[in-house]
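A.B. asks: my_file24.txt is the file, holding compact mmCIF, C-alpha atoms:
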# COMPACT_ATOMS: atom_id res chain seq x y z
CA MET K 1014 52.61 11.16 18.78
CA GLN K 1015 48.87 10.45 19.13
CA HIS K 1016 46.41 11.29 16.41
CA ASN K 1017 42.83 11.78 17.54
CA LEU K 1018 41.02 10.53 14.43
CA GLN K 1019 37.27 10.93 14.44
CA ALA K 1020 34.99 9.03 12.04
CA ILE K 1021 33.41 11.28 9.43
CA ALA K 1022 29.66 11.24 9.97
CA LYS K 1023 27.55 10.37 6.95
CA ASP K 1024 23.86 11.17 6.73
CA LEU K 1025 21.62 8.35 5.53
CA VAL K 1026 18.05 9.58 5.16
CA LEU K 1027 15.05 7.30 4.59
CA VAL K 1028 12.03 9.07 3.08
CA GLY K 1029 8.84 7.11 3.70
CA GLY K 1030 7.90 4.38 6.17
CA GLY K 1031 7.04 1.64 3.69
CA HIS K 1032 7.65 -2.11 4.06
CA SER K 1033 11.23 -1.98 2.69
CA HIS K 1034 12.21 0.83 5.07
CA ALA K 1035 10.67 -0.96 8.06
CA ILE K 1036 13.03 -3.87 7.33
CA VAL K 1037 15.99 -1.49 6.79
CA LEU K 1038 15.35 0.20 10.15
CA LYS K 1039 15.10 -3.10 12.02
CA MET K 1040 18.32 -4.36 10.40
CA PHE K 1041 20.23 -1.15 11.22
CA GLY K 1042 19.04 -1.59 14.80
CA MET K 1043 20.46 -5.12 14.81
CA LYS K 1044 23.64 -4.16 12.90
CA PRO K 1045 24.41 -0.48 13.64
CA LEU K 1046 27.03 1.27 11.51
CA PRO K 1047 29.34 3.65 13.47
CA GLY K 1048 29.71 7.14 12.00
CA VAL K 1049 26.38 7.01 10.18
CA ARG K 1050 23.52 9.27 11.23
CA LEU K 1051 20.22 7.67 10.29
CA THR K 1052 17.08 9.78 9.75
CA LEU K 1053 13.52 8.75 8.87
CA ILE K 1054 11.10 11.28 7.32
CA THR K 1055 7.50 10.10 7.22
CA PRO K 1056 4.15 11.92 7.50
CA THR K 1057 2.59 9.39 9.89
CA SER K 1058 3.76 7.72 13.10
CA ASP K 1059 2.58 4.30 12.00
CA THR K 1060 2.38 2.55 8.66
CA PRO K 1061 -0.07 -0.18 7.65
CA TYR K 1062 1.17 -3.59 6.63
CA SER K 1063 -0.68 -4.09 3.34
CA GLY K 1064 -1.00 -7.86 3.75
CA MET K 1065 -3.20 -7.46 6.83
CA LEU K 1066 -5.23 -4.45 5.71
CA PRO K 1067 -8.12 -6.44 4.16
CA GLY K 1068 -8.27 -8.52 7.35
CA HIS K 1069 -8.43 -5.35 9.44
CA ILE K 1070 -11.31 -3.98 7.34
CA ALA K 1071 -13.06 -7.35 7.62
CA GLY K 1072 -12.69 -7.12 11.40
CA PHE K 1073 -10.12 -9.90 11.99
CA TYR K 1074 -7.27 -7.65 13.18
CA SER K 1075 -7.16 -4.59 15.40
CA ARG K 1076 -5.50 -1.45 14.09
CA ALA K 1077 -2.44 -2.02 16.26
CA GLN K 1078 -2.01 -5.59 14.99
CA CYS K 1079 -1.66 -4.48 11.36
CA HIS K 1080 0.27 -1.20 11.78
CA ILE K 1081 4.03 -0.83 12.19
CA ASN K 1082 4.96 1.56 15.01
CA LEU K 1083 7.56 3.78 13.30
CA PRO K 1084 8.70 5.78 16.38
CA ARG K 1085 9.55 2.53 18.20
CA LEU K 1086 11.31 1.15 15.12
CA ALA K 1087 13.26 4.41 14.64
CA ASP K 1088 14.21 4.39 18.31
CA PHE K 1089 15.46 0.80 18.00
CA ALA K 1090 17.58 1.83 14.98
CA GLN K 1091 18.80 4.97 16.86
CA ALA K 1092 17.40 7.04 14.00
CA GLN K 1093 16.14 10.61 14.07
CA LEU K 1094 12.43 10.72 13.27
CA TYR K 1095 10.84 13.69 11.49
CA LEU K 1096 7.07 13.43 11.17
CA ASP K 1097 6.74 15.45 8.00
CA GLN K 1098 6.00 15.14 4.29
CA ALA K 1099 8.82 15.29 1.74
CA VAL K 1100 7.67 17.53 -1.12
CA ASP K 1101 10.80 17.98 -3.26
CA LEU K 1102 14.49 17.16 -3.63
CA ASP K 1103 17.46 19.44 -4.22
CA LEU K 1104 19.76 16.86 -5.77
CA ILE K 1105 22.54 19.36 -6.49
CA ASN K 1106 22.92 20.33 -2.83
CA HIS K 1107 21.74 16.98 -1.45
CA LYS K 1108 18.74 18.31 0.45
CA ILE K 1109 15.23 16.97 1.05
CA ILE K 1110 12.58 19.70 1.02
CA CYS K 1111 9.83 19.10 3.59
CA ALA K 1112 6.37 20.61 3.95
CA ASN K 1113 6.75 21.92 7.52
CA ARG K 1114 10.39 21.85 8.59
CA PRO K 1115 13.77 23.06 7.30
CA ALA K 1116 15.43 21.07 4.53
CA VAL K 1117 17.21 17.86 5.59
CA ASP K 1118 20.75 17.19 4.33
CA PHE K 1119 21.77 13.78 3.06
CA ASP K 1120 24.83 11.96 1.79
CA LEU K 1121 22.79 8.89 0.90
CA LEU K 1122 19.04 8.83 0.32
CA SER K 1123 16.48 6.04 0.08
CA ILE K 1124 12.86 6.60 -0.99
CA ASP K 1125 10.00 4.24 -0.09
CA ILE K 1126 6.83 6.36 -0.18
CA GLY K 1127 4.48 3.97 -1.98
CA SER K 1128 2.01 5.07 -4.63
CA THR K 1129 -1.34 6.82 -4.91
CA PRO K 1130 -4.44 5.85 -6.94
CA ALA K 1131 -4.83 7.87 -10.16
CA THR K 1132 -7.91 10.11 -9.75
CA ILE K 1133 -6.90 13.28 -11.52
CA SER K 1134 -8.51 12.69 -14.91
CA VAL K 1135 -12.02 11.95 -13.58
CA SER K 1136 -14.27 14.89 -12.77
CA GLY K 1137 -15.23 15.01 -9.08
CA ALA K 1138 -13.07 12.02 -8.06
CA ALA K 1139 -10.57 14.07 -6.03
CA GLU K 1140 -13.39 15.92 -4.20
CA TYR K 1141 -15.94 13.17 -3.59
CA ALA K 1142 -14.22 9.77 -3.78
CA ILE K 1143 -12.27 8.15 -0.94
CA ALA K 1144 -8.88 7.08 -2.28
CA ALA K 1145 -7.37 3.77 -1.16
CA LYS K 1146 -4.17 5.66 -0.34
CA PRO K 1147 -3.13 7.20 1.91
CA VAL K 1148 -4.46 4.31 3.99
CA GLU K 1149 -4.87 6.53 7.07
CA LYS K 1150 -7.53 8.57 5.26
CA LEU K 1151 -9.23 5.43 3.92
CA LEU K 1152 -9.47 3.94 7.42
CA GLU K 1153 -10.73 7.19 8.90
CA ASN K 1154 -13.65 7.10 6.42
CA TRP K 1155 -14.17 3.37 6.98
CA TYR K 1156 -14.45 3.77 10.76
CA GLN K 1157 -17.01 6.56 10.25
CA LEU K 1158 -19.00 4.33 7.89
CA LEU K 1159 -18.96 1.46 10.41
CA GLU K 1160 -20.28 3.81 13.10
CA THR K 1161 -23.04 5.05 10.78
CA VAL K 1162 -24.20 1.50 10.01
CA VAL K 1163 -24.04 0.48 13.69
CA GLN K 1164 -26.26 3.44 14.62
CA ASN K 1165 -28.64 3.12 11.62
CA PRO K 1166 -28.62 -0.56 10.55
CA GLN K 1167 -32.14 -0.28 9.16
CA GLN K 1168 -31.07 2.31 6.59
CA ALA K 1169 -30.23 1.04 3.09
CA ILE K 1170 -26.73 1.90 1.92
CA THR K 1171 -25.00 1.58 -1.47
CA LEU K 1172 -21.20 1.54 -1.78
CA VAL K 1173 -19.27 1.93 -5.02
CA ILE K 1174 -15.72 0.70 -5.58
CA VAL K 1175 -13.97 2.03 -8.67
CA GLY K 1176 -11.24 -0.38 -9.73
CA GLY K 1177 -11.46 -4.13 -10.19
CA GLY K 1178 -7.88 -5.10 -9.45
CA ALA K 1179 -6.87 -7.21 -6.45
CA GLY K 1180 -7.13 -4.17 -4.14
CA GLY K 1181 -10.67 -3.31 -5.23
CA VAL K 1182 -11.84 -6.92 -5.01
CA GLU K 1183 -10.40 -7.47 -1.51
CA LEU K 1184 -11.82 -4.15 -0.32
CA ALA K 1185 -15.33 -5.02 -1.59
CA LEU K 1186 -15.35 -8.48 0.01
CA SER K 1187 -13.82 -7.31 3.31
CA MET K 1188 -16.22 -4.38 3.68
CA GLN K 1189 -19.19 -6.57 2.82
CA ALA K 1190 -18.24 -9.28 5.34
CA HIS K 1191 -17.86 -6.78 8.21
CA LEU K 1192 -21.03 -4.82 7.40
CA HIS K 1193 -23.04 -8.04 6.98
CA ARG K 1194 -22.05 -9.08 10.52
CA ILE K 1195 -23.30 -5.73 11.84
CA LEU K 1196 -26.62 -6.14 9.98
CA GLN K 1197 -27.03 -9.71 11.27
CA GLN K 1198 -26.37 -8.63 14.87
CA ALA K 1199 -28.99 -5.90 14.47
CA GLN K 1200 -31.39 -8.44 12.92
CA GLN K 1201 -31.63 -6.39 9.74
CA PRO K 1202 -31.81 -7.81 6.18
CA LEU K 1203 -28.49 -8.16 4.36
CA GLN K 1204 -30.19 -6.55 1.37
CA ASN K 1205 -29.81 -3.21 3.19
CA LEU K 1206 -26.25 -3.22 1.82
CA ALA K 1207 -25.43 -3.05 -1.89
CA ILE K 1208 -21.85 -3.03 -3.22
CA HIS K 1209 -20.97 -2.23 -6.83
CA ILE K 1210 -17.56 -2.61 -8.52
CA PHE K 1211 -16.83 -0.54 -11.64
CA GLN K 1212 -13.98 -1.82 -13.81
CA ARG K 1213 -12.77 -0.16 -17.02
CA GLN K 1214 -11.46 -3.42 -18.49
CA PRO K 1215 -13.83 -6.22 -19.53
CA GLU K 1216 -12.39 -8.52 -16.83
CA LEU K 1217 -11.50 -8.28 -13.16
CA MET K 1218 -7.84 -8.39 -12.09
CA PRO K 1219 -6.55 -8.09 -15.68
CA HIS K 1220 -2.90 -8.70 -14.73
CA HIS K 1221 -3.70 -12.11 -13.22
CA HIS K 1222 -4.18 -15.51 -14.82
CA PRO K 1223 -7.69 -16.22 -16.23
CA SER K 1224 -8.13 -18.99 -13.64
CA VAL K 1225 -7.93 -16.52 -10.73
CA GLN K 1226 -10.11 -14.02 -12.61
CA TYR K 1227 -12.78 -16.73 -12.88
CA GLN K 1228 -12.54 -17.71 -9.19
CA VAL K 1229 -12.76 -14.09 -8.03
CA GLN K 1230 -15.74 -13.35 -10.28
CA GLN K 1231 -17.58 -16.44 -9.01
CA VAL K 1232 -17.03 -15.39 -5.38
CA LEU K 1233 -18.26 -11.83 -6.04
CA ILE K 1234 -21.35 -13.02 -7.92
CA SER K 1235 -22.20 -15.60 -5.24
CA ARG K 1236 -21.88 -12.90 -2.57
CA GLY K 1237 -24.22 -10.54 -4.45
CA VAL K 1238 -21.62 -7.89 -5.36
CA LYS K 1239 -22.80 -6.09 -8.53
CA LEU K 1240 -20.16 -6.02 -11.28
CA HIS K 1241 -19.98 -3.33 -13.98
CA LEU K 1242 -17.23 -4.60 -16.27
CA GLY K 1243 -16.11 -2.55 -19.25
CA GLU K 1244 -17.59 0.57 -17.63
CA THR K 1245 -15.40 3.68 -17.41
CA VAL K 1246 -16.38 6.11 -14.66
CA SER K 1247 -16.33 9.63 -16.10
CA GLN K 1248 -17.79 11.74 -13.28
CA ILE K 1249 -18.71 11.73 -9.60
CA ALA K 1250 -21.09 14.45 -8.46
CA PRO K 1251 -23.31 15.22 -5.46
CA SER K 1252 -26.73 13.65 -5.91
CA PRO K 1253 -29.54 16.07 -6.78
CA HIS K 1254 -31.96 13.82 -4.85
CA ARG K 1255 -30.27 13.19 -1.48
CA GLU K 1256 -27.93 15.46 0.44
CA THR K 1257 -25.54 12.71 1.62
CA SER K 1258 -25.43 10.79 -1.67
CA PHE K 1259 -23.42 10.89 -4.88
CA THR K 1260 -24.08 10.05 -8.50
CA VAL K 1261 -21.52 7.94 -10.34
CA LYS K 1262 -21.66 8.55 -14.10
CA CYS K 1263 -20.06 6.36 -16.77
CA GLU K 1264 -18.98 7.07 -20.35
CA SER K 1265 -21.71 4.67 -21.53
CA GLY K 1266 -24.38 6.89 -19.95
CA PHE K 1267 -25.04 4.51 -17.05
CA GLN K 1268 -25.60 6.24 -13.69
CA LEU K 1269 -25.82 4.99 -10.12
CA GLU K 1270 -26.65 6.74 -6.87
CA CYS K 1271 -24.64 5.76 -3.79
CA GLN K 1272 -23.56 6.93 -0.35
CA LYS K 1273 -19.78 6.31 -0.64
CA VAL K 1274 -17.29 5.97 -3.50
CA PHE K 1275 -13.97 4.21 -2.87
CA TRP K 1276 -11.25 4.77 -5.48
CA VAL K 1277 -8.91 1.81 -5.97
CA THR K 1278 -7.55 2.31 -9.48
CA GLN K 1279 -4.11 1.68 -10.94
CA ALA K 1280 -1.24 3.06 -8.88
CA SER K 1281 0.43 6.32 -9.87
CA ALA K 1282 3.45 8.19 -8.55
CA PRO K 1283 3.21 11.37 -6.46
CA GLN K 1284 3.53 14.39 -8.75
CA TRP K 1285 6.58 15.93 -7.04
CA ILE K 1286 8.83 12.97 -7.91
CA LYS K 1287 8.58 13.82 -11.62
CA THR K 1288 10.13 17.29 -11.16
CA THR K 1289 13.14 16.25 -9.05
CA GLY K 1290 15.45 15.32 -11.93
CA LEU K 1291 15.46 11.61 -11.06
CA ALA K 1292 14.95 9.30 -14.04
CA THR K 1293 11.38 7.98 -14.03
CA ASP K 1294 9.28 5.63 -16.13
CA ASP K 1295 6.20 6.71 -18.12
CA GLN K 1296 4.03 6.69 -14.97
CA GLY K 1297 6.51 8.80 -12.96
CA PHE K 1298 7.96 6.00 -10.81
CA ILE K 1299 11.68 6.16 -10.02
CA LEU K 1300 13.72 3.97 -12.37
CA VAL K 1301 16.32 1.92 -10.50
CA LYS K 1302 19.14 -0.45 -11.42
CA ASP K 1303 19.43 -4.01 -10.13
CA THR K 1304 21.20 -2.52 -7.09
CA LEU K 1305 18.05 -0.44 -6.32
CA GLN K 1306 20.00 2.76 -7.13
CA SER K 1307 18.53 5.52 -9.26
CA LEU K 1308 19.60 5.26 -12.91
CA THR K 1309 20.76 8.89 -12.86
CA HIS K 1310 21.76 9.57 -9.24
CA PRO K 1311 23.84 6.80 -7.58
CA GLU K 1312 23.44 8.43 -4.14
CA VAL K 1313 19.66 7.88 -4.33
CA PHE K 1314 18.00 4.48 -3.80
CA ALA K 1315 14.31 3.59 -4.12
CA ALA K 1316 12.19 0.56 -3.23
CA GLY K 1317 8.58 -0.55 -2.98
CA ASP K 1318 5.80 0.81 -5.18
CA ILE K 1319 7.61 4.09 -5.90
CA ALA K 1320 10.41 2.21 -7.70
CA THR K 1321 10.46 0.48 -11.08
CA MET K 1322 13.34 -1.91 -11.67
CA LYS K 1323 14.44 -1.14 -15.24
CA ASN K 1324 15.63 -4.68 -15.98
CA HIS K 1325 12.96 -6.49 -13.96
CA PRO K 1326 9.64 -4.59 -13.99
CA ARG K 1327 7.07 -6.15 -11.68
CA PRO K 1328 3.51 -5.34 -10.55
CA LYS K 1329 3.08 -2.82 -7.73
CA ALA K 1330 2.55 -5.37 -4.95
CA GLY K 1331 3.57 -5.50 -1.30
CA VAL K 1332 5.34 -8.84 -1.77
CA PHE K 1333 8.07 -7.13 -3.81
CA ALA K 1334 8.54 -4.31 -1.28
CA VAL K 1335 9.02 -6.91 1.46
CA ARG K 1336 11.56 -8.87 -0.61
CA GLN K 1337 13.51 -5.68 -1.42
CA GLY K 1338 14.06 -4.82 2.25
CA LYS K 1339 17.15 -6.96 2.91
CA PRO K 1340 18.91 -6.25 -0.44
CA LEU K 1341 18.24 -2.53 0.10
CA PHE K 1342 19.79 -2.66 3.58
CA GLU K 1343 22.83 -4.56 2.29
CA ASN K 1344 23.47 -2.11 -0.56
CA LEU K 1345 22.98 0.98 1.60
CA ARG K 1346 25.47 -0.49 4.05
CA ARG K 1347 27.92 -1.37 1.25
CA MET K 1348 27.61 2.13 -0.24
CA LEU K 1349 28.39 3.68 3.15
CA THR K 1350 31.43 1.45 3.71
CA GLY K 1351 32.81 1.71 0.17
CA GLN K 1352 32.14 -1.89 -0.86
CA PRO K 1353 30.83 -3.01 -4.27
CA LEU K 1354 27.04 -3.25 -4.48
CA GLN K 1355 25.19 -6.48 -5.13
CA PRO K 1356 22.47 -6.89 -7.78
CA TYR K 1357 19.03 -8.08 -6.76
CA LYS K 1358 16.68 -9.97 -9.07
CA PRO K 1359 13.04 -10.30 -7.96
CA GLN K 1360 11.23 -13.58 -8.47
CA GLN K 1361 9.32 -14.03 -11.75
CA GLN K 1362 6.32 -15.73 -10.16
CA TYR K 1363 5.01 -15.06 -6.68
CA LEU K 1364 2.39 -16.46 -4.39
CA SER K 1365 -0.68 -14.28 -4.05
CA LEU K 1366 -3.21 -15.00 -1.31
CA ILE K 1367 -6.41 -13.03 -1.89
CA SER K 1368 -8.66 -12.63 1.14
CA THR K 1369 -12.38 -13.10 0.56
CA GLY K 1370 -13.24 -11.38 3.85
CA ASP K 1371 -15.09 -14.38 5.32
CA GLY K 1372 -12.20 -16.37 6.79
CA ARG K 1373 -11.20 -17.88 3.45
CA ALA K 1374 -8.64 -16.98 0.78
CA ILE K 1375 -7.85 -17.74 -2.86
CA ALA K 1376 -4.27 -18.80 -3.67
CA THR K 1377 -2.61 -18.13 -7.01
CA LYS K 1378 0.90 -18.54 -8.37
CA GLY K 1379 1.57 -18.38 -12.09
CA CYS K 1380 -1.17 -20.43 -13.79
CA LEU K 1381 -2.09 -22.36 -10.63
CA THR K 1382 -5.16 -21.17 -8.71
CA LEU K 1383 -6.77 -22.74 -5.64
CA PRO K 1384 -10.41 -21.79 -4.86
CA PRO K 1385 -11.44 -20.10 -1.58
CA HIS K 1386 -10.72 -22.20 1.49
CA PRO K 1387 -10.29 -21.60 5.26
CA LEU K 1388 -6.88 -23.33 5.23
CA LEU K 1389 -5.60 -20.80 2.68
CA TRP K 1390 -6.74 -17.96 4.96
CA GLN K 1391 -4.94 -19.62 7.90
CA TRP K 1392 -1.80 -19.85 5.75
CA LYS K 1393 -2.07 -16.17 4.81
CA ASP K 1394 -2.71 -15.21 8.44
CA LYS K 1395 0.39 -17.13 9.55
CA ILE K 1396 2.60 -15.43 6.91
CA ASP K 1397 1.31 -11.96 7.77
CA ARG K 1398 1.64 -12.40 11.54
CA ARG K 1399 5.17 -13.69 11.06
CA PHE K 1400 6.11 -10.60 9.05
CA MET K 1401 4.79 -8.32 11.79
CA ARG K 1402 6.66 -10.30 14.47
CA GLU K 1403 9.95 -10.19 12.54
CA TRP K 1404 9.91 -6.69 11.09
CA GLY K 1405 7.01 -4.65 12.40
CA GLN K 1406 7.49 -5.02 16.12
CA ILE K 1407 10.25 -4.43 18.68
CA ASN K 1408 10.29 -7.14 21.34
Represent the structure of the file as C-alpha cells.

C.D. replies:
Amino acid sequence: MQHNLQAIAKDLVLVGGGHSHAIVLKMFGMKPLPGVRLTLITPTSDTPYSGMLPGHIAGFYSRAQCHINLPRLADFAQAQLYLDQAVDLDLINHKIICANRPAVDFDLLSIDIGSTPATISVSGAAEYAIAAKPVEKLLENWYQLLETVVQNPQQAITLVIVGGGAGGVELALSMQAHLHRILQQAQQPLQNLAIHIFQRQPELMPHHHPSVQYQVQQVLISRGVKLHLGETVSQIAPSPHRETSFTVKCESGFQLECQKVFWVTQASAPQWIKTTGLATDDQGFILVKDTLQSLTHPEVFAAGDIATMKNHPRPKAGVFAVRQGKPLFENLRRMLTGQPLQPYKPQQQYLSLISTGDGRAIATKGCLTLPPHPLLWQWKDKIDRRFMREWGQIN
C-alpha cells in the first residue's frame, strides 16, 4: 500500500532587507530547504551596504555599486517579495501586520530592520532635519543638494551635522570632499562651503579609543570643519532672515544659520517594536539570546542594529550585522529541521576603517590607531567590494 506523504510547508518570513538578511537570502539560494516557503518583507527594492555609503557620498561609488538588489536576491532564494512596511506583530496568531497589504502568516520570523536616529525630543528636528536613516531619504536630499551646488556654485552654503559619532564624522568628510570637487571644477572658492558638527559630548566618537578621537579631530580641524563639542541642539526652526534657511539653536544659547541640517545621532529602535510584546532593552531594541532568538519568543529571531545580544552587547555597527548573517542562517535552518541551535559569540574587538572622503582612511582596532593613509582606503575598498561580490550580487 502506497502512502502519498507530502512535506508540511513552513513559513519563514524575513522582515527587513538588512546586511544579515542579505546573507541569509543568498545562503538559502545556495542551500534551499524543501517544504519551507521563504518570504521577504521590505519597504524598498534595494538596500544600501553601509560600508560603502560614505564612499558613495564622496563620489567614489555609483548608487548601483553600493546597493544590494533585493528583488534579484529574493528571486535567487526563490522567496516571495512583498515591498511593504511591517508596522506591528500579532505574536499570538503568528502574523505580521503590514502598512499596505493583508497580514502575513509565519511559523518562523526573523527581523533585520536596522535602526533610526533619535530625533523626537528636539523641537523641529523631525520637520526640518534630514535623518541619516532611512538612507533612501538621506540620499534623495543629498542628490538634490549636489544639483543645487552644481547649478549655483558661487552661492555660499552652510551645512550642519548633528551627531559626532563615526557616522556624523564620515558624512561630514565625504560631503565636504565631493562638494569641494564641484567648487574646484567651477573655479569657485572652497570657502563657499562651511560644515559644522554639533556634538553633545565633549569629545567626538565617544565610544572609541582616545587615539582615534584625536586622529579624527585633527583631520576635521585641518579640513576646516567647524566643531561645536559639548553643545546640545535644542531646536531647529525656519530662519526669520532667509526663506530656504534654518536656525539651529543650542541649550547654551548659541545659534547658527544654515541651509541643511543632517541628523546623525545615536541609534534608536522603531516605536512599533516596543508594543509587540517582544522583550526589549532600555532603548527598545529586541533582546536576543546567543542563538539570536528573542528572549521571550523562540519563534522570533533578530539581527543587525535592531537586536541587542543580552550576553554580548556590542555597538550598533554594520560589522556585527555582517558577522551575524551566517550564524543566523544556520540557526534558522536548524530550527526548521528540528536540530539544536548553536550559540554565536561576536568578537570583542573589531577593525574599524573610517573613510576621510579624500581617498584615505583611518584604521582602528582596540587601542591601536593608524592615521589617514591611501593604503588604508584601498584596504577598506577591497573589503567592501568583496562583500558586495559575495553577498550583494547574483552572478

A.B. asks: For atom CA of K:Lys1273 and atom CA of K:Gln1226, quote the distance in Å rounded to one decimal.

C.D. replies: 25.5 Å

A.B. asks: Counting only C-alpha atoms, which of K:Ala1179, K:His1193, K:Ile1375, K:Thr1321 gets nearest to K:Glu1216?

C.D. replies: K:Ala1179

A.B. asks: Can you tell me, as a PyMOL selection string, which residues sit within 10 Å of (5.4, -17.7, -7.3) in the file's frame, using all atoms listed in the file?

C.D. replies: chain K and resi 1360-1365+1377-1381

A.B. asks: Create the file for the chosen residues now, containing C-alpha atoms and written as a PDB file, in the coordinates of the input.

C.D. replies:
ATOM      1  CA  GLN K1360      11.230 -13.580  -8.470  1.00  0.00           C
ATOM      2  CA  GLN K1361       9.320 -14.030 -11.750  1.00  0.00           C
ATOM      3  CA  GLN K1362       6.320 -15.730 -10.160  1.00  0.00           C
ATOM      4  CA  TYR K1363       5.010 -15.060  -6.680  1.00  0.00           C
ATOM      5  CA  LEU K1364       2.390 -16.460  -4.390  1.00  0.00           C
ATOM      6  CA  SER K1365      -0.680 -14.280  -4.050  1.00  0.00           C
ATOM      7  CA  THR K1377      -2.610 -18.130  -7.010  1.00  0.00           C
ATOM      8  CA  LYS K1378       0.900 -18.540  -8.370  1.00  0.00           C
ATOM      9  CA  GLY K1379       1.570 -18.380 -12.090  1.00  0.00           C
ATOM     10  CA  CYS K1380      -1.170 -20.430 -13.790  1.00  0.00           C
ATOM     11  CA  LEU K1381      -2.090 -22.360 -10.630  1.00  0.00           C
TER      12      LEU K1381
END

A.B. asks: Just want the 8 Å neighbourhood of stretch 1060-1066 of chain K, counted on all atoms listed in the file, with same-chain residues fewer than 5 positions away dropped. Output as a PyMOL selection string.

C.D. replies: chain K and resi 1030-1032+1074+1079-1083+1148+1331+1394+1397+1401

A.B. asks: Work out how far atom CA of K:Gly1266 is from atom CA of K:Gly1180, in Å to one decimal.

C.D. replies: 25.9 Å

A.B. asks: Find the distance between atom CA of K:Ala1169 and atom CA of K:Gly1181 and write it in Å to one decimal.

C.D. replies: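 Interatomic distance, atom CA of K:Ala1169 to atom CA of K:Gly1181: 21.7 Å.
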
A.B. asks: When you count all atoms listed in the file, which of these residues is closest to K:Arg1402: K:Ile1036, K:Ala1138, K:Leu1240, K:Val1028?

C.D. replies: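 Comparing K:Ile1036, K:Ala1138, K:Leu1240, K:Val1028 against K:Arg1402, the winner is K:Ile1036.
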
A.B. asks: Could you name the residues that touch K:Ile1210 at 7 Å or less, counting all atoms listed in the file, but leaving out those on the same chain fewer than 4 positions away, as a VMD selection string?

C.D. replies: chain K and resid 1173 to 1177 1239 to 1241

A.B. asks: Using only C-alpha atoms, can you tell me which of K:Leu1104, K:Leu1051, K:Met1188, K:Leu1206 comes closest to K:Phe1073?

C.D. replies: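 Nearest to K:Phe1073: K:Met1188.
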
A.B. asks: Between K:Ala1145, K:Val1238, K:Cys1271, K:Val1037, which is the closest to K:Ala1190 once you count all atoms listed in the file?

C.D. replies: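 Among the listed residues, K:Val1238 lies closest to K:Ala1190.
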
A.B. asks: Have a look at K:Val1229, K:Ile1195, K:Lys1287, K:Phe1298 and name the one nearest to K:Glu1183; count all atoms listed in the file.

C.D. replies: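 Comparing K:Val1229, K:Ile1195, K:Lys1287, K:Phe1298 against K:Glu1183, the winner is K:Val1229.
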